[in-house]
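For reference, the structure discussed in these notes is given below.
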Amino acid sequence: MKVKIDIDCTPEEARSFFGLPDVKPMQDVMMKEVEQRMMANVQAMDPEMLVKTWLPAGIQGWEQMQRMFWSQMAGGDKDKKDD
């Protein structure tokens with residue numbers, strides 16, 4: 001035996017039916033505060049600092065490894081030309 005009940009109501013109606021508080025005004029205030037803080041932080045940072053903040057230190061290690069690899073490759077070519 002299957003019983004199926006469809007209830008057609010808005011989220012606000014469901015919230016009031018179950019006695020839950022309306023958090024929309026608090027949510028709006030908090031989102032405005034978050035937006036203001038983000039804008040202040042973005043304006044205070046220069047692009048170089050943003051990149052350093054967003055990219056992990058591991059990527060800098062990869063860059064060093066690439067430089068070392070390319071220097072070894074360039075050094076290997078010089079040895080072959082001297083022969």
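Ligands are numbered from 1 in the order shown, residues from 1 within each chain, and chains are lettered A, B, ... in the order they appear in the structure tokens.
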- Within 12 Å of region 11-13 of chain A, counting only C-alpha atoms, which residues qualify if same-chain residues fewer than 5 places away don't, as a PyMOL selection string? chain A and resi 18-24
- Message: Using Å and a single decimal, report how far CA of Val42 (chain A) sits from CA of Leu55 (chain A).
- Response: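 Answer for the CA of Leu55 (chain A) to CA of Val42 (chain A) separation: 15.7 Å.
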- Task: From a DSSP pass on the backbone, collect the residues of region 9-74 of chain A flagged as helix (DSSP H, G or I) and hand them back as a PyMOL selection string.
- Result: chain A and resi 11-18+24-44+47-54+57-74
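Separating CA of Ala44 (chain A) from CA of Asp28 (chain A) is a distance of 24.5 Å.
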- Task: Just give me the gap between CA of Met49 (chain A) and CA of Val29 (chain A) in Å, one decimal is fine.
- Result: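 Separation of CA of Met49 (chain A) and CA of Val29 (chain A): 29.2 Å.
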